[in-house]
Amino acid sequence: MATFFGEVLSVYSRAVDEDEEELDENEEDEEIHRELEEKRQVHLQWSPEVSESLKSGNKMPCSDFILAVGHNAARFLSVYVLTSENWDAVGHASVWNERSRAGAGTSSEESACVFYRRKDDPSVVICQVTCYVAEDQLFQWTEKVFDCLEHRQLNVTVLSDCSVAEYKTADYLCSSSAPFLRSLHTAAFTAQPVCQSLEQPNIVTGLPAAVLNHCEVHRIATVVYQCYSDVTGPDSVSMETFKPALTKLGKSIQSDPSPSTDVLRKFVRSTNIQSNLYI
Amino acid sequence: MFISSQNSPPSFKDFTLVLPAVAVGNVGQLAVDLIVSTLNMTRVGYIHTDCLIPMTGNNPYSTRKEDTEELHTPAEVYTASELKMAVLQIRAPVIQSKSKKFRQLLVSWIKASGFSRTVVLSSSQAYQRDDQQMQGTPLRYLVTPSLLKVSADVLKELGWKEMEQVSAYPGLSDANAEPRLYVPGGGITKGLYTDSCAEDVPLAVLLLFCSEGDNIPDAFTLVNHLNDWLHLLDDPSQKPNKWKIPASWSLLFGSGIPPALF
């Protein structure tokens, strides 16, 4: 399409990919696609003890599964919950996709999606996800993780970050209103969420959506708490908005109500991006 | 795969299925939204598949405060038993590498459920029409041989225009280049149609040429067109408009504007 000024713009469709015409693939293309598909598989690695019991057909006993998606949510758990020395790392998930950095090494990959289990009550499991899980990997990630957990008596809580720019409301949002929390839950979740429900026409996407879809279909009690924040990096104010969500889980995770500044600093400082505007 | 949301699996025997193709302007999806909200259809199950991008939200068709908090997924099946109608609403794009798998899943589900006929609501890029397609109505239809057998008379009576085959190389008169079916921007439309022809599924495609933008008028055009055939509502063209716009259509163009602007 050409504009008034003569430059040619590619026409973008929000619904479909333009090159939907299927070309006859040759063997080599198929081979490449197959290999790519294989490389994009989600892999779960468990500690020897867990993988042993999974192999013998016993799923991981789990009454509370707390999943934190995004930097604020993950750091919130790091600061308020995981500092209490009461947790064992029991496994991690690794995903490879277009945003995985080549040569970043496995250590960063392994720390991007870690599962923890409480020492004195192994039925409480926490997972922190800070890596990007691509659209075609979300469903698979969810299937694989929930396949390892015992479904009976399972309660799932998902904490997730989102930009306030994604939030639609008829009133203009003034800057003082963010960060705020909204909830979305499956039909099997009968408790009272700690905050307002997410209003239409707002939707949830990404890993929280994949987990909600899975749990709705399999009738697992699940609630997602989504924090809408106007700060791009992790910050302590946005992190604190998740606090009420934890009070509900009080007994099972014993959070630290007022973490020391040192702990907080450690988790917030690392993302202070050096601005190059005023060198 | 289809998963029932009720305790007993629903029966779709001899039902008419209407589903959208995720296509340019999302016209089919908007039209299906109008059908579900106007006929007050009941959700009976989900299509739970890795072929769609996960998304979720509260009840898009909520009318009262009590039914607002109800989780809805990317692909759901609704029915209106008294009309023998079922609708599959698809709310998320198909993952590109899995579109073939998704088509196969749909065709095998349609066959297994015993729908008497299936109607796909779709759209195609207006700017890619050829000369003959630019004349007259922007609405077109396609029908598989097995549906043509039973619906030929009705289609004749309606006087609809069939989707034209276009030449592969417009402007060139190459005797070897056979005209072909081409639905640019139509997502899985063409594949679903050809698969259904091959599998002997009674299926029709109703489509509209359009462009991206405010596609609400297009959705009304398409759903009224469908209504001429299926008679879901009596004379919807009468004022006031009888199609009910669902709550989820609000704020289609973003949030409110800052009052300080004025």
# chains A, B, ... in the order shown; residues from 1 in each chain; ligands from 1
>>> interface_residues(of="chain A", to="chain B", cutoff="6 Å", atoms="only C-alpha atoms", output="PDB file with C-alpha atoms, in the first residue's frame")
ATOM      1  CA  ALA A  15      -6.059 -10.858  13.099  1.00  0.00           C
ATOM      2  CA  VAL A  16      -4.085 -12.936  10.677  1.00  0.00           C
ATOM      3  CA  GLU A  18      -0.604 -12.426   5.654  1.00  0.00           C
ATOM      4  CA  GLU A 135       2.878 -17.989  22.910  1.00  0.00           C
ATOM      5  CA  PHE A 139       0.002 -24.324  26.876  1.00  0.00           C
ATOM      6  CA  LYS A 168      -8.972  -0.275  29.917  1.00  0.00           C
ATOM      7  CA  THR A 169     -11.430   1.841  31.809  1.00  0.00           C
ATOM      8  CA  ALA A 170     -14.031   4.413  30.865  1.00  0.00           C
ATOM      9  CA  ASP A 171     -12.632   6.873  33.408  1.00  0.00           C
ATOM     10  CA  TYR A 172      -9.272   8.378  32.889  1.00  0.00           C
ATOM     11  CA  THR A 186     -12.032 -20.168  38.053  1.00  0.00           C
ATOM     12  CA  GLN A 200     -14.721  -6.443  31.070  1.00  0.00           C
ATOM     13  CA  PRO A 201     -13.386  -5.672  28.477  1.00  0.00           C
ATOM     14  CA  ILE A 203      -8.446  -9.696  29.564  1.00  0.00           C
ATOM     15  CA  VAL A 204      -5.524 -11.660  30.949  1.00  0.00           C
ATOM     16  CA  THR A 205      -2.945 -13.135  28.602  1.00  0.00           C
ATOM     17  CA  ALA A 209      -4.170 -17.063  31.193  1.00  0.00           C
ATOM     18  CA  ALA A 210      -2.780 -20.465  30.254  1.00  0.00           C
ATOM     19  CA  ASN A 213      -7.664 -21.968  31.146  1.00  0.00           C
TER      20      ASN A 213
END
>>> residues_around(residues="Val223 in chain B", least_positions_apart="6", cutoff="9 Å", atoms="only C-alpha atoms", output="PDB file with all heavy atoms, in the first residue's frame")
ATOM      1  N   GLY B  28     -16.008 -12.109  11.687  1.00  0.00           N
ATOM      2  CA  GLY B  28     -16.714 -13.332  12.047  1.00  0.00           C
ATOM      3  C   GLY B  28     -16.899 -13.460  13.543  1.00  0.00           C
ATOM      4  O   GLY B  28     -17.978 -13.813  14.034  1.00  0.00           O
ATOM      5  N   LEU B  30     -16.949 -11.034  15.787  1.00  0.00           N
ATOM      6  CA  LEU B  30     -17.906 -10.035  16.266  1.00  0.00           C
ATOM      7  C   LEU B  30     -19.335 -10.484  15.957  1.00  0.00           C
ATOM      8  O   LEU B  30     -20.235 -10.353  16.795  1.00  0.00           O
ATOM      9  CB  LEU B  30     -17.627  -8.675  15.609  1.00  0.00           C
ATOM     10  CG  LEU B  30     -16.329  -7.976  16.023  1.00  0.00           C
ATOM     11  CD1 LEU B  30     -16.054  -6.777  15.123  1.00  0.00           C
ATOM     12  CD2 LEU B  30     -16.384  -7.517  17.479  1.00  0.00           C
ATOM     13  N   ALA B  31     -19.541 -11.048  14.765  1.00  0.00           N
ATOM     14  CA  ALA B  31     -20.875 -11.513  14.382  1.00  0.00           C
ATOM     15  C   ALA B  31     -21.338 -12.632  15.319  1.00  0.00           C
ATOM     16  O   ALA B  31     -22.499 -12.656  15.747  1.00  0.00           O
ATOM     17  CB  ALA B  31     -20.862 -11.985  12.935  1.00  0.00           C
ATOM     18  N   VAL B  32     -20.413 -13.528  15.653  1.00  0.00           N
ATOM     19  CA  VAL B  32     -20.758 -14.630  16.563  1.00  0.00           C
ATOM     20  C   VAL B  32     -21.095 -14.086  17.954  1.00  0.00           C
ATOM     21  O   VAL B  32     -22.027 -14.554  18.608  1.00  0.00           O
ATOM     22  CB  VAL B  32     -19.617 -15.668  16.614  1.00  0.00           C
ATOM     23  CG1 VAL B  32     -19.761 -16.599  17.793  1.00  0.00           C
ATOM     24  CG2 VAL B  32     -19.581 -16.468  15.322  1.00  0.00           C
ATOM     25  N   LEU B  34     -22.547 -11.313  18.562  1.00  0.00           N
ATOM     26  CA  LEU B  34     -23.917 -10.799  18.469  1.00  0.00           C
ATOM     27  C   LEU B  34     -24.930 -11.932  18.591  1.00  0.00           C
ATOM     28  O   LEU B  34     -25.961 -11.791  19.262  1.00  0.00           O
ATOM     29  CB  LEU B  34     -24.119 -10.072  17.138  1.00  0.00           C
ATOM     30  CG  LEU B  34     -23.475  -8.692  17.002  1.00  0.00           C
ATOM     31  CD1 LEU B  34     -23.628  -8.173  15.586  1.00  0.00           C
ATOM     32  CD2 LEU B  34     -24.084  -7.706  17.995  1.00  0.00           C
ATOM     33  N   ILE B  35     -24.639 -13.066  17.945  1.00  0.00           N
ATOM     34  CA  ILE B  35     -25.572 -14.198  17.999  1.00  0.00           C
ATOM     35  C   ILE B  35     -25.688 -14.721  19.427  1.00  0.00           C
ATOM     36  O   ILE B  35     -26.781 -14.905  19.956  1.00  0.00           O
ATOM     37  CB  ILE B  35     -25.107 -15.328  17.052  1.00  0.00           C
ATOM     38  CG1 ILE B  35     -25.092 -14.839  15.604  1.00  0.00           C
ATOM     39  CG2 ILE B  35     -26.012 -16.548  17.186  1.00  0.00           C
ATOM     40  CD1 ILE B  35     -24.449 -15.801  14.631  1.00  0.00           C
ATOM     41  N   LEU B 121     -18.223 -18.076   9.507  1.00  0.00           N
ATOM     42  CA  LEU B 121     -18.316 -16.641   9.230  1.00  0.00           C
ATOM     43  C   LEU B 121     -16.906 -16.088   9.102  1.00  0.00           C
ATOM     44  O   LEU B 121     -16.093 -16.253  10.000  1.00  0.00           O
ATOM     45  CB  LEU B 121     -19.069 -15.928  10.358  1.00  0.00           C
ATOM     46  CG  LEU B 121     -20.506 -16.400  10.581  1.00  0.00           C
ATOM     47  CD1 LEU B 121     -21.152 -15.608  11.716  1.00  0.00           C
ATOM     48  CD2 LEU B 121     -21.323 -16.264   9.319  1.00  0.00           C
TER      49      LEU B 121
END
>>> residues_around(residues="range 10-16 of chain B", least_positions_apart="6", cutoff="7 Å", atoms="only C-alpha atoms", output="PDB file with all heavy atoms, in the first residue's frame")
ATOM      1  N   VAL B  44     -21.824 -24.628  26.891  1.00  0.00           N
ATOM      2  CA  VAL B  44     -21.868 -26.056  27.208  1.00  0.00           C
ATOM      3  C   VAL B  44     -20.493 -26.701  27.259  1.00  0.00           C
ATOM      4  O   VAL B  44     -20.364 -27.827  27.736  1.00  0.00           O
ATOM      5  CB  VAL B  44     -22.763 -26.833  26.220  1.00  0.00           C
ATOM      6  CG1 VAL B  44     -24.216 -26.434  26.369  1.00  0.00           C
ATOM      7  CG2 VAL B  44     -22.296 -26.648  24.786  1.00  0.00           C
ATOM      8  N   LYS B  84     -32.044 -25.545  17.859  1.00  0.00           N
ATOM      9  CA  LYS B  84     -31.087 -26.556  17.368  1.00  0.00           C
ATOM     10  C   LYS B  84     -29.836 -25.870  16.801  1.00  0.00           C
ATOM     11  O   LYS B  84     -29.371 -26.162  15.710  1.00  0.00           O
ATOM     12  CB  LYS B  84     -31.739 -27.444  16.317  1.00  0.00           C
ATOM     13  CG  LYS B  84     -32.681 -28.477  16.924  1.00  0.00           C
ATOM     14  CD  LYS B  84     -32.805 -29.681  16.034  1.00  0.00           C
ATOM     15  CE  LYS B  84     -33.365 -30.878  16.769  1.00  0.00           C
ATOM     16  NZ  LYS B  84     -32.423 -31.847  17.221  1.00  0.00           N
ATOM     17  N   MET B  85     -29.344 -24.906  17.573  1.00  0.00           N
ATOM     18  CA  MET B  85     -28.205 -24.106  17.147  1.00  0.00           C
ATOM     19  C   MET B  85     -27.054 -24.271  18.117  1.00  0.00           C
ATOM     20  O   MET B  85     -27.259 -24.267  19.329  1.00  0.00           O
ATOM     21  CB  MET B  85     -28.594 -22.623  17.201  1.00  0.00           C
ATOM     22  CG  MET B  85     -29.094 -22.025  15.911  1.00  0.00           C
ATOM     23  SD  MET B  85     -27.727 -21.589  14.866  1.00  0.00           S
ATOM     24  CE  MET B  85     -27.074 -20.183  15.732  1.00  0.00           C
ATOM     25  N   ALA B  86     -25.869 -24.426  17.582  1.00  0.00           N
ATOM     26  CA  ALA B  86     -24.672 -24.385  18.414  1.00  0.00           C
ATOM     27  C   ALA B  86     -23.718 -23.369  17.803  1.00  0.00           C
ATOM     28  O   ALA B  86     -23.729 -23.151  16.595  1.00  0.00           O
ATOM     29  CB  ALA B  86     -24.017 -25.754  18.465  1.00  0.00           C
ATOM     30  N   SER B 113     -19.463 -34.894  16.147  1.00  0.00           N
ATOM     31  CA  SER B 113     -20.607 -34.376  16.891  1.00  0.00           C
ATOM     32  C   SER B 113     -21.931 -34.532  16.154  1.00  0.00           C
ATOM     33  O   SER B 113     -22.988 -34.370  16.743  1.00  0.00           O
ATOM     34  CB  SER B 113     -20.409 -32.898  17.217  1.00  0.00           C
ATOM     35  OG  SER B 113     -19.176 -32.705  17.825  1.00  0.00           O
ATOM     36  N   GLY B 114     -21.866 -34.807  14.851  1.00  0.00           N
ATOM     37  CA  GLY B 114     -23.091 -35.015  14.088  1.00  0.00           C
ATOM     38  C   GLY B 114     -23.875 -33.749  13.786  1.00  0.00           C
ATOM     39  O   GLY B 114     -25.102 -33.777  13.726  1.00  0.00           O
ATOM     40  N   PHE B 115     -23.170 -32.620  13.590  1.00  0.00           N
ATOM     41  CA  PHE B 115     -23.861 -31.393  13.183  1.00  0.00           C
ATOM     42  C   PHE B 115     -24.462 -31.603  11.787  1.00  0.00           C
ATOM     43  O   PHE B 115     -23.833 -32.210  10.923  1.00  0.00           O
ATOM     44  CB  PHE B 115     -22.887 -30.211  13.128  1.00  0.00           C
ATOM     45  CG  PHE B 115     -22.379 -29.784  14.470  1.00  0.00           C
ATOM     46  CD1 PHE B 115     -21.052 -29.997  14.833  1.00  0.00           C
ATOM     47  CD2 PHE B 115     -23.229 -29.168  15.379  1.00  0.00           C
ATOM     48  CE1 PHE B 115     -20.582 -29.605  16.076  1.00  0.00           C
ATOM     49  CE2 PHE B 115     -22.760 -28.762  16.622  1.00  0.00           C
ATOM     50  CZ  PHE B 115     -21.432 -28.989  16.974  1.00  0.00           C
ATOM     51  N   SER B 116     -25.670 -31.079  11.591  1.00  0.00           N
ATOM     52  CA  SER B 116     -26.288 -31.258  10.271  1.00  0.00           C
ATOM     53  C   SER B 116     -25.633 -30.348   9.240  1.00  0.00           C
ATOM     54  O   SER B 116     -25.541 -30.677   8.078  1.00  0.00           O
ATOM     55  CB  SER B 116     -27.782 -30.995  10.339  1.00  0.00           C
ATOM     56  OG  SER B 116     -28.006 -29.653  10.693  1.00  0.00           O
ATOM     57  N   ARG B 117     -25.209 -29.165   9.660  1.00  0.00           N
ATOM     58  CA  ARG B 117     -24.469 -28.273   8.763  1.00  0.00           C
ATOM     59  C   ARG B 117     -23.626 -27.310   9.596  1.00  0.00           C
ATOM     60  O   ARG B 117     -23.918 -27.058  10.764  1.00  0.00           O
ATOM     61  CB  ARG B 117     -25.411 -27.499   7.853  1.00  0.00           C
ATOM     62  CG  ARG B 117     -26.397 -26.665   8.625  1.00  0.00           C
ATOM     63  CD  ARG B 117     -27.442 -26.016   7.755  1.00  0.00           C
ATOM     64  NE  ARG B 117     -28.475 -25.452   8.618  1.00  0.00           N
ATOM     65  CZ  ARG B 117     -29.550 -24.824   8.195  1.00  0.00           C
ATOM     66  NH1 ARG B 117     -29.758 -24.691   6.918  1.00  0.00           N
ATOM     67  NH2 ARG B 117     -30.431 -24.341   9.038  1.00  0.00           N
ATOM     68  N   THR B 118     -22.588 -26.808   8.979  1.00  0.00           N
ATOM     69  CA  THR B 118     -21.671 -25.890   9.656  1.00  0.00           C
ATOM     70  C   THR B 118     -21.542 -24.629   8.811  1.00  0.00           C
ATOM     71  O   THR B 118     -21.401 -24.713   7.603  1.00  0.00           O
ATOM     72  CB  THR B 118     -20.283 -26.550   9.819  1.00  0.00           C
ATOM     73  OG1 THR B 118     -20.443 -27.753  10.564  1.00  0.00           O
ATOM     74  CG2 THR B 118     -19.313 -25.643  10.543  1.00  0.00           C
TER      75      THR B 118
END
>>> residues_around(residues="Val119 in chain B", least_positions_apart="3", cutoff="6 Å", atoms="only C-alpha atoms", output="mmCIF file with all heavy atoms, in the first residue's frame")
data_model
loop_
_atom_site.group_PDB
_atom_site.id
_atom_site.type_symbol
_atom_site.label_atom_id
_atom_site.label_comp_id
_atom_site.auth_asym_id
_atom_site.auth_seq_id
_atom_site.Cartn_x
_atom_site.Cartn_y
_atom_site.Cartn_z
ATOM 1 N N VAL B 18 -22.399 -22.699 14.003
ATOM 2 C CA VAL B 18 -21.856 -21.469 13.427
ATOM 3 C C VAL B 18 -20.532 -21.185 14.119
ATOM 4 O O VAL B 18 -20.455 -21.245 15.349
ATOM 5 C CB VAL B 18 -22.822 -20.279 13.632
ATOM 6 C CG1 VAL B 18 -22.208 -18.992 13.109
ATOM 7 C CG2 VAL B 18 -24.151 -20.545 12.941
ATOM 8 N N LEU B 203 -20.630 -27.997 4.825
ATOM 9 C CA LEU B 203 -20.137 -26.731 5.389
ATOM 10 C C LEU B 203 -20.300 -25.586 4.401
ATOM 11 O O LEU B 203 -20.136 -25.773 3.195
ATOM 12 C CB LEU B 203 -18.660 -26.911 5.780
ATOM 13 C CG LEU B 203 -17.884 -25.705 6.288
ATOM 14 C CD1 LEU B 203 -17.057 -26.087 7.503
ATOM 15 C CD2 LEU B 203 -16.973 -25.124 5.214
ATOM 16 N N ALA B 204 -20.667 -24.438 4.926
ATOM 17 C CA ALA B 204 -20.757 -23.238 4.099
ATOM 18 C C ALA B 204 -19.880 -22.160 4.704
ATOM 19 O O ALA B 204 -19.687 -22.112 5.916
ATOM 20 C CB ALA B 204 -22.194 -22.756 4.032
ATOM 21 N N VAL B 205 -19.325 -21.317 3.865
ATOM 22 C CA VAL B 205 -18.549 -20.164 4.331
ATOM 23 C C VAL B 205 -19.288 -18.909 3.882
ATOM 24 O O VAL B 205 -19.652 -18.796 2.716
ATOM 25 C CB VAL B 205 -17.132 -20.169 3.715
ATOM 26 C CG1 VAL B 205 -16.378 -18.916 4.134
ATOM 27 C CG2 VAL B 205 -16.359 -21.413 4.109
#
>>> closest_residue(among="A:Cys227, A:Ala93, A:Leu212, A:Leu181", to="His43 in chain A", atoms="only C-alpha atoms")
A:Ala93
>>> atom_distance(atom1="CA of Asp121 in chain A", atom2="CA of Glu85 in chain A")
13.3 Å
>>> residues_around(residues="Thr38 in chain B", least_positions_apart="2", cutoff="10 Å", atoms="only C-alpha atoms", output="CSV table (one decimal) with N, CA and C atoms, in the first residue's frame")
chain,number,residue,atom,x,y,z
B,32,VAL,N,-20.4,-13.5,15.7
B,32,VAL,CA,-20.8,-14.6,16.6
B,32,VAL,C,-21.1,-14.1,18.0
B,33,ASP,N,-20.4,-13.1,18.4
B,33,ASP,CA,-20.7,-12.4,19.7
B,33,ASP,C,-22.1,-11.9,19.7
B,34,LEU,N,-22.5,-11.3,18.6
B,34,LEU,CA,-23.9,-10.8,18.5
B,34,LEU,C,-24.9,-11.9,18.6
B,35,ILE,N,-24.6,-13.1,17.9
B,35,ILE,CA,-25.6,-14.2,18.0
B,35,ILE,C,-25.7,-14.7,19.4
B,36,VAL,N,-24.5,-14.9,20.1
B,36,VAL,CA,-24.5,-15.5,21.4
B,36,VAL,C,-25.3,-14.6,22.4
B,40,ASN,N,-29.1,-15.3,23.8
B,40,ASN,CA,-28.9,-15.7,25.2
B,40,ASN,C,-28.5,-17.1,25.3
B,41,MET,N,-27.5,-17.5,24.6
B,41,MET,CA,-27.1,-18.9,24.5
B,41,MET,C,-26.4,-19.4,25.8
B,61,TYR,N,-20.5,-11.6,28.0
B,61,TYR,CA,-21.9,-11.3,27.7
B,61,TYR,C,-22.7,-10.9,28.9
B,232,LEU,N,-32.7,-16.5,12.4
B,232,LEU,CA,-32.5,-16.6,13.9
B,232,LEU,C,-33.4,-15.5,14.6
B,233,LEU,N,-33.6,-14.4,13.9
B,233,LEU,CA,-34.4,-13.3,14.4
B,233,LEU,C,-35.4,-12.9,13.3
B,242,LYS,N,-32.3,-5.2,16.6
B,242,LYS,CA,-32.6,-6.2,17.6
B,242,LYS,C,-31.4,-7.0,18.0
B,243,TRP,N,-30.3,-6.9,17.3
B,243,TRP,CA,-29.1,-7.6,17.8
B,243,TRP,C,-28.6,-6.9,19.0
B,244,LYS,N,-28.2,-7.7,20.0
B,244,LYS,CA,-27.8,-7.1,21.3
B,244,LYS,C,-26.2,-7.0,21.4
B,245,ILE,N,-25.7,-5.8,21.5
B,245,ILE,CA,-24.3,-5.7,21.6
B,245,ILE,C,-23.8,-6.1,23.0
B,246,PRO,N,-22.8,-7.0,23.1
B,246,PRO,CA,-22.4,-7.5,24.4
B,246,PRO,C,-21.5,-6.5,25.1
>>> decode(residues="range 79-91 of chain A", atoms="N, CA, C and O atoms", output="PDB file, in the first residue's frame")
ATOM      1  N   VAL A  79      11.416 -11.525  48.403  1.00  0.00           N
ATOM      2  CA  VAL A  79      11.610 -10.628  49.541  1.00  0.00           C
ATOM      3  C   VAL A  79      10.747 -11.045  50.733  1.00  0.00           C
ATOM      4  O   VAL A  79      11.216 -11.095  51.865  1.00  0.00           O
ATOM      5  N   TYR A  80       9.484 -11.337  50.485  1.00  0.00           N
ATOM      6  CA  TYR A  80       8.560 -11.539  51.596  1.00  0.00           C
ATOM      7  C   TYR A  80       8.426 -12.991  52.052  1.00  0.00           C
ATOM      8  O   TYR A  80       7.962 -13.254  53.136  1.00  0.00           O
ATOM      9  N   VAL A  81       8.774 -13.928  51.191  1.00  0.00           N
ATOM     10  CA  VAL A  81       8.526 -15.320  51.547  1.00  0.00           C
ATOM     11  C   VAL A  81       9.794 -16.164  51.565  1.00  0.00           C
ATOM     12  O   VAL A  81      10.115 -16.804  52.552  1.00  0.00           O
ATOM     13  N   LEU A  82      10.535 -16.116  50.476  1.00  0.00           N
ATOM     14  CA  LEU A  82      11.641 -17.066  50.344  1.00  0.00           C
ATOM     15  C   LEU A  82      12.845 -16.738  51.212  1.00  0.00           C
ATOM     16  O   LEU A  82      13.747 -17.544  51.356  1.00  0.00           O
ATOM     17  N   THR A  83      12.879 -15.537  51.838  1.00  0.00           N
ATOM     18  CA  THR A  83      14.017 -15.179  52.678  1.00  0.00           C
ATOM     19  C   THR A  83      14.076 -16.040  53.933  1.00  0.00           C
ATOM     20  O   THR A  83      15.109 -16.145  54.581  1.00  0.00           O
ATOM     21  N   SER A  84      12.958 -16.661  54.265  1.00  0.00           N
ATOM     22  CA  SER A  84      12.889 -17.345  55.553  1.00  0.00           C
ATOM     23  C   SER A  84      13.548 -18.730  55.584  1.00  0.00           C
ATOM     24  O   SER A  84      13.126 -19.561  56.341  1.00  0.00           O
ATOM     25  N   GLU A  85      14.517 -18.971  54.765  1.00  0.00           N
ATOM     26  CA  GLU A  85      15.348 -20.184  54.874  1.00  0.00           C
ATOM     27  C   GLU A  85      14.538 -21.473  54.964  1.00  0.00           C
ATOM     28  O   GLU A  85      15.061 -22.525  55.287  1.00  0.00           O
ATOM     29  N   ASN A  86      13.281 -21.362  54.715  1.00  0.00           N
ATOM     30  CA  ASN A  86      12.412 -22.495  54.976  1.00  0.00           C
ATOM     31  C   ASN A  86      12.083 -23.249  53.692  1.00  0.00           C
ATOM     32  O   ASN A  86      11.190 -24.064  53.651  1.00  0.00           O
ATOM     33  N   TRP A  87      12.817 -22.925  52.622  1.00  0.00           N
ATOM     34  CA  TRP A  87      12.430 -23.440  51.319  1.00  0.00           C
ATOM     35  C   TRP A  87      13.568 -24.169  50.617  1.00  0.00           C
ATOM     36  O   TRP A  87      14.707 -23.749  50.687  1.00  0.00           O
ATOM     37  N   ASP A  88      13.212 -25.241  49.955  1.00  0.00           N
ATOM     38  CA  ASP A  88      14.172 -25.991  49.143  1.00  0.00           C
ATOM     39  C   ASP A  88      13.857 -25.772  47.681  1.00  0.00           C
ATOM     40  O   ASP A  88      12.703 -25.875  47.283  1.00  0.00           O
ATOM     41  N   ALA A  89      14.888 -25.499  46.893  1.00  0.00           N
ATOM     42  CA  ALA A  89      14.661 -25.475  45.446  1.00  0.00           C
ATOM     43  C   ALA A  89      14.559 -26.927  44.990  1.00  0.00           C
ATOM     44  O   ALA A  89      15.436 -27.737  45.283  1.00  0.00           O
ATOM     45  N   VAL A  90      13.472 -27.269  44.331  1.00  0.00           N
ATOM     46  CA  VAL A  90      13.298 -28.673  43.941  1.00  0.00           C
ATOM     47  C   VAL A  90      13.341 -28.901  42.434  1.00  0.00           C
ATOM     48  O   VAL A  90      13.280 -30.039  41.980  1.00  0.00           O
ATOM     49  N   GLY A  91      13.423 -27.834  41.680  1.00  0.00           N
ATOM     50  CA  GLY A  91      13.488 -28.055  40.239  1.00  0.00           C
ATOM     51  C   GLY A  91      13.393 -26.770  39.468  1.00  0.00           C
ATOM     52  O   GLY A  91      13.217 -25.696  40.043  1.00  0.00           O
TER      53      GLY A  91
END
